[in-house]
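Text of upload-v4.tsv, listed as TSV, C-alpha atoms and all ligand atoms:
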```
chain	number	residue	atom	x	y	z
A	11	MET	CA	55.70	-7.00	29.05
A	12	ARG	CA	55.46	-10.45	30.58
A	13	ILE	CA	52.80	-13.00	29.70
A	14	GLU	CA	51.81	-15.16	32.67
A	15	VAL	CA	51.94	-18.82	31.69
A	16	GLU	CA	49.40	-19.88	34.32
A	17	ASN	CA	46.63	-17.81	32.70
A	18	LEU	CA	47.03	-19.43	29.28
A	19	THR	CA	45.06	-22.39	27.93
A	20	ALA	CA	44.76	-24.31	24.66
A	21	ALA	CA	42.31	-21.63	23.51
A	22	ALA	CA	43.89	-18.55	21.96
A	23	THR	CA	44.35	-15.69	24.41
A	24	PRO	CA	44.86	-12.35	22.65
A	25	PHE	CA	47.59	-9.96	23.76
A	26	ALA	CA	48.70	-6.55	22.51
A	27	HIS	CA	51.34	-4.08	23.55
A	28	THR	CA	52.91	-0.95	22.13
A	29	TYR	CA	56.61	-0.29	22.66
A	30	ARG	CA	58.06	3.18	22.44
A	31	PRO	CA	61.11	3.39	20.13
A	32	GLU	CA	63.56	3.85	23.03
A	33	GLU	CA	62.33	0.62	24.63
A	34	VAL	CA	63.72	-1.48	21.78
A	35	GLU	CA	67.51	-1.37	21.70
A	36	LEU	CA	68.94	-1.98	18.19
A	37	GLU	CA	72.07	0.15	18.29
A	38	GLU	CA	74.45	-2.79	17.84
A	39	GLU	CA	72.97	-3.16	14.33
A	40	GLY	CA	73.30	0.52	13.48
A	41	ALA	CA	69.53	0.83	13.39
A	42	ARG	CA	66.87	2.44	15.53
A	43	LEU	CA	63.11	2.56	15.68
A	44	VAL	CA	61.55	5.82	14.60
A	45	ALA	CA	57.96	4.83	15.38
A	46	ASP	CA	56.19	2.86	18.09
A	47	ALA	CA	56.30	-0.92	17.69
A	48	ALA	CA	52.76	-2.25	17.85
A	49	VAL	CA	52.58	-5.91	18.82
A	50	ASP	CA	49.41	-7.90	18.34
A	51	GLY	CA	48.98	-11.61	18.79
A	52	VAL	CA	47.55	-14.65	20.47
A	53	ALA	CA	49.04	-16.98	23.06
A	54	THR	CA	48.23	-20.66	23.59
A	55	ARG	CA	49.55	-23.21	26.04
A	56	LYS	CA	49.85	-27.00	25.94
A	57	GLY	CA	51.24	-28.28	29.19
A	58	GLU	CA	54.29	-26.18	29.87
A	59	ARG	CA	54.80	-25.28	26.26
A	60	VAL	CA	53.71	-21.77	25.24
A	61	ARG	CA	53.20	-20.58	21.68
A	62	LEU	CA	53.02	-16.91	20.71
A	63	ARG	CA	51.87	-15.89	17.25
A	64	GLY	CA	51.31	-12.43	15.90
A	65	THR	CA	52.67	-9.38	14.15
A	66	ILE	CA	54.93	-6.46	14.98
A	67	LYS	CA	54.52	-3.23	13.03
A	68	THR	CA	56.98	-0.38	13.27
A	69	GLU	CA	59.33	1.83	11.30
A	70	VAL	CA	63.13	1.62	11.39
A	71	GLU	CA	65.91	3.97	10.46
A	72	LEU	CA	68.97	2.35	8.89
A	73	LEU	CA	72.16	3.72	7.41
A	74	CYS	CA	72.69	3.27	3.67
A	75	ASP	CA	75.58	0.88	2.96
A	76	ARG	CA	76.98	3.18	0.30
A	77	CYS	CA	76.42	6.79	1.34
A	78	LEU	CA	75.82	6.16	5.08
A	79	GLY	CA	72.77	8.40	4.91
A	80	PRO	CA	69.89	7.56	7.24
A	81	GLU	CA	66.91	5.99	5.56
A	82	ARG	CA	63.54	5.03	7.00
A	83	ALA	CA	61.68	1.87	6.17
A	84	PRO	CA	58.43	0.38	7.44
A	85	LEU	CA	58.79	-3.01	9.04
A	86	ALA	CA	56.08	-5.64	9.49
A	87	VAL	CA	57.20	-8.85	11.14
A	88	GLU	CA	55.15	-12.01	11.58
A	89	PHE	CA	56.24	-14.27	14.39
A	90	ASP	CA	55.32	-17.75	15.55
A	91	THR	CA	57.51	-18.81	18.44
A	92	SER	CA	57.18	-21.66	20.92
A	93	PHE	CA	58.70	-21.53	24.38
A	94	ILE	CA	59.59	-24.23	26.86
A	95	PRO	CA	60.45	-23.58	30.50
A	96	GLN	CA	64.04	-22.85	31.33
A	97	GLU	CA	65.24	-25.66	33.54
A	98	VAL	CA	66.59	-24.10	36.69
A	99	GLU	CA	68.05	-27.18	38.29
A	100	ALA	CA	71.81	-26.88	38.50
A	101	GLY	CA	73.61	-28.53	35.63
A	102	LYS	CA	70.52	-28.91	33.48
A	103	GLU	CA	70.23	-25.29	32.42
A	104	GLU	CA	72.65	-25.51	29.54
A	105	SER	CA	71.27	-28.69	28.05
A	106	VAL	CA	67.73	-27.34	28.03
A	107	GLU	CA	68.89	-24.18	26.32
A	108	LEU	CA	70.63	-26.26	23.66
A	109	LEU	CA	67.61	-28.51	23.27
A	110	ALA	CA	65.38	-25.47	22.85
A	111	GLU	CA	67.69	-24.07	20.20
A	112	ASP	CA	67.81	-27.38	18.35
A	113	LEU	CA	64.06	-27.57	18.19
A	114	GLY	CA	63.72	-23.96	17.10
A	115	LEU	CA	62.18	-23.10	20.43
A	116	ALA	CA	62.82	-20.34	22.89
A	117	ALA	CA	62.94	-20.70	26.66
A	118	TYR	CA	61.07	-18.82	29.37
A	119	GLU	CA	62.24	-18.24	32.89
A	120	GLY	CA	60.00	-18.66	35.90
A	121	ASP	CA	56.25	-18.34	35.35
A	122	ALA	CA	56.07	-15.87	32.48
A	123	VAL	CA	57.23	-15.37	28.90
A	124	ASP	CA	59.22	-12.21	28.25
A	125	LEU	CA	57.62	-10.46	25.28
A	126	ASP	CA	60.22	-7.64	25.27
A	127	GLU	CA	63.05	-9.97	24.34
A	128	LEU	CA	60.98	-11.71	21.66
A	129	VAL	CA	60.07	-8.39	20.03
A	130	ARG	CA	63.68	-7.19	20.02
A	131	GLU	CA	64.94	-10.45	18.50
A	132	GLN	CA	62.24	-10.54	15.85
A	133	ILE	CA	62.95	-6.97	14.76
A	134	LEU	CA	66.70	-7.67	14.63
A	135	LEU	CA	66.10	-10.75	12.46
A	136	ALA	CA	63.88	-8.77	10.12
A	137	LEU	CA	66.38	-5.98	9.48
A	138	PRO	CA	67.73	-6.18	5.94
A	139	SER	CA	71.38	-7.30	5.98
A	140	ARG	CA	72.19	-5.07	3.05
A	141	HIS	CA	70.47	-1.79	2.63
A	142	LEU	CA	70.65	0.99	0.03
A	143	CYS	CA	68.79	4.29	0.32
A	144	ARG	CA	67.88	3.81	-3.32
A	145	GLU	CA	68.76	1.29	-6.01
A	146	ASP	CA	71.19	3.61	-7.80
A	147	CYS	CA	72.77	5.29	-4.79
A	148	LYS	CA	76.05	6.79	-5.99
A	149	GLY	CA	77.67	6.58	-2.58
A	150	LEU	CA	80.51	8.72	-1.33
A	151	CYS	CA	83.46	9.98	-3.33
A	152	GLN	CA	86.38	7.74	-2.48
A	153	LYS	CA	88.72	10.73	-2.51
A	154	CYS	CA	86.98	13.57	-0.74
A	155	GLY	CA	84.04	11.83	0.90
A	156	ALA	CA	81.41	14.02	-0.78
A	157	ASN	CA	77.96	12.50	-1.08
A	158	LEU	CA	77.71	11.98	-4.86
A	159	ASN	CA	73.93	11.85	-4.74
A	160	GLU	CA	73.90	15.47	-3.68
A	161	ASN	CA	76.73	17.01	-5.60
A	162	GLN	CA	79.37	15.99	-8.05
A	163	CYS	CA	82.72	16.85	-6.49
A	164	SER	CA	85.63	18.05	-8.59
A	165	CYS	CA	87.74	14.94	-7.97
A	166	GLU	CA	88.67	12.99	-11.06
A	167	GLN	CA	86.72	9.79	-10.95
A	168	GLY	CA	88.02	6.56	-12.37
A	169	GLU	CA	91.57	7.20	-11.30
A	170	THR	CA	91.54	6.01	-7.73
A	171	ASP	CA	94.09	6.80	-5.12
A	172	PRO	CA	96.00	3.53	-4.60
A	173	ARG	CA	95.33	3.60	-0.88
A	174	TRP	CA	91.58	3.73	-1.48
A	175	ALA	CA	91.84	1.03	-4.15
A	176	ALA	CA	93.52	-1.25	-1.63
A	177	LEU	CA	90.76	-0.50	0.82
A	178	ALA	CA	88.08	-1.16	-1.80
A	179	ASP	CA	89.70	-4.51	-2.64
A	180	LEU	CA	89.76	-5.40	1.01
A	181	LYS	CA	86.10	-4.48	1.34
A	182	LYS	CA	85.21	-6.68	-1.64
A	183	GLU	CA	87.13	-9.53	-0.07
A	184	VAL	CA	85.29	-9.10	3.21
A	185	ASN	CA	81.95	-9.01	1.41
A	186	GLY	CA	82.89	-12.07	-0.62
A	187	GLU	CA	82.48	-10.31	-3.95
A	201	ZN	ZN	72.76	5.82	-0.17
A	202	ZN	ZN	85.54	13.89	-4.44
```
Let me see the file written as structure tokens.
Amino acid sequence: MRIEVENLTAAATPFAHTYRPEEVELEEEGARLVADAAVDGVATRKGERVRLRGTIKTEVELLCDRCLGPERAPLAVEFDTSFIPQEVEAGKEESVELLAEDLGLAAYEGDAVDLDELVREQILLALPSRHLCREDCKGLCQKCGANLNENQCSCEQGETDPRWAALADLKKEVNGE
């Protein structure tokens, strides 16, 4: 959905839109929407500067960091984003983009603000960076890969295959533990 800049004034103009799950692409984060994303907000404009405020409500499915099982979580995101026009003059484009970033602003192209992109970005930012299906998730057996939440495998725990231990060390290193 695009919000026409010309129609906006200093007075709050309400907008609302519902995105179907497949309209919001999150695959790069290993997540997906499992419910519609309902967006509700108001738009204001001062000169060429547009401000969108509102909420996004949806439900996401993420993979547990330990057992890789899918887990659903409700997501409610509040956003308050200001946009300035994307300078189209040759050579100026980059500097305006940088300026916008510096000021914590976004840029819009042409005569409308792209709500789709805003919604996608806001949902991505709101995804938890670390996610467990439950606090005490037992994860997967490092030897046979069994999900230890569901059944206790017959592997001897505690004595780890050296190859897995090396991998676990590497993982800790990567995670900065
Ligand atoms: Zn888990
Ligand atoms: Zn096992």
- Message: Would you pick out the contacts of Leu85 of chain A at 7 Å or less, using only C-alpha atoms, so that residues sharing its chain but fewer than 6 positions from it are not included, and give the list as a list in words?
- Response: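 My list of contacting residues is Lys67, Thr68, Glu69 and Val70 of chain A.
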Taking C-alpha atoms for each residue, export the selection above as a CSV table (one decimal), keeping the file's coordinate frame.
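Output saved as part.csv:
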```csv
chain,number,residue,atom,x,y,z
A,67,LYS,CA,54.5,-3.2,13.0
A,68,THR,CA,57.0,-0.4,13.3
A,69,GLU,CA,59.3,1.8,11.3
A,70,VAL,CA,63.1,1.6,11.4
```
- Query: Would you name the residues within 6 Å of ligand ZN 201 (chain A), counting only C-alpha atoms and all ligand atoms, and put them as a ChimeraX atom specification?
  - Reply: /A:74,76-77,79,142-143,147,149
- Query: So which residues are close to (70.3, 2.8, 11.0), meaning at most 6 Å away in the file's coordinates with all atoms listed in the file counted, and can you show them as JSON, numbers by chain?
  - Reply: {"A": [40, 41, 42, 71, 72, 73]}
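Shortest atom-to-atom contact with ligand ZN 202 (chain A) among A:Glu16, A:Glu58, A:Glu166, A:Asp124: A:Glu166, counting only C-alpha atoms and all ligand atoms.
Computed from the coordinates, the atom CA of Ala86 of chain A to atom CA of Ile133 of chain A distance equals 8.8 Å.
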Just want the 8 Å neighbourhood of Thr91 of chain A, counted on all atoms listed in the file, with same-chain residues fewer than 4 positions away dropped. Output as a PDB file with C-alpha atoms, keeping the file's coordinate frame.
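Final output, saved to selection24.pdb:
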```pdb
ATOM      1  CA  ARG A  61      53.200 -20.580  21.680  1.00  0.00           C
ATOM      2  CA  LEU A  62      53.020 -16.910  20.710  1.00  0.00           C
ATOM      3  CA  ARG A  63      51.870 -15.890  17.250  1.00  0.00           C
ATOM      4  CA  LEU A 115      62.180 -23.100  20.430  1.00  0.00           C
ATOM      5  CA  ALA A 116      62.820 -20.340  22.890  1.00  0.00           C
TER       6      ALA A 116
END
```
- Task: Please check which protein, DNA or RNA residues sit within 10 Å of ligand ZN 202 (chain A), counting all atoms listed in the file, and write them as a list in words.
- Result: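 Listed by chain and ascending number, the contacts are Leu150, Cys151, Gln152, Lys153, Cys154, Gly155, Ala156, Asn157, Leu158, Asn161, Gln162, Cys163, Ser164, Cys165, Glu166 and Gln167 of chain A.
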- Using only C-alpha atoms: which of A:Val15, A:Leu78, A:Ala45, A:Leu36 has the shortest distance to Arg130 of chain A: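 Selected residue with least distance to Arg130 of chain A: A:Leu36.
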Select all residues near (56.6, -9.4, 7.2) (cut-off 12 Å, inclusive, file coordinates), counting only C-alpha atoms, and output them as a short mmCIF file (atom, residue, chain, number, x, y, z; two decimals) with C-alpha atoms, keeping the file's coordinate frame.
```
data_model
loop_
_atom_site.label_atom_id
_atom_site.label_comp_id
_atom_site.auth_asym_id
_atom_site.auth_seq_id
_atom_site.Cartn_x
_atom_site.Cartn_y
_atom_site.Cartn_z
CA GLY A 64 51.31 -12.43 15.90
CA THR A 65 52.67 -9.38 14.15
CA ILE A 66 54.93 -6.46 14.98
CA LYS A 67 54.52 -3.23 13.03
CA THR A 68 56.98 -0.38 13.27
CA PRO A 84 58.43 0.38 7.44
CA LEU A 85 58.79 -3.01 9.04
CA ALA A 86 56.08 -5.64 9.49
CA VAL A 87 57.20 -8.85 11.14
CA GLU A 88 55.15 -12.01 11.58
CA PHE A 89 56.24 -14.27 14.39
CA ASP A 90 55.32 -17.75 15.55
CA GLN A 132 62.24 -10.54 15.85
CA ILE A 133 62.95 -6.97 14.76
CA LEU A 135 66.10 -10.75 12.46
CA ALA A 136 63.88 -8.77 10.12
CA LEU A 137 66.38 -5.98 9.48
CA PRO A 138 67.73 -6.18 5.94
#
```
- Task: Grab the atom CA of Pro24 of chain A to atom CA of Arg12 of chain A distance for me, in Å with one decimal place.
- Result: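 That distance, rounded to one decimal, is 13.4 Å.
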- Could you work out how far atom CA of Glu127 of chain A lies from atom CA of Ala21 of chain A, giving the answer in Å with one decimal?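 Taking atom CA of Ala21 of chain A as the start and atom CA of Glu127 of chain A as the end point, the length is 23.8 Å.
Ranking A:Glu32, A:Arg144, A:Val52, A:Ile94 by their shortest atom-to-atom distance to Glu81 of chain A, with all atoms listed in the file included, puts A:Arg144 first.
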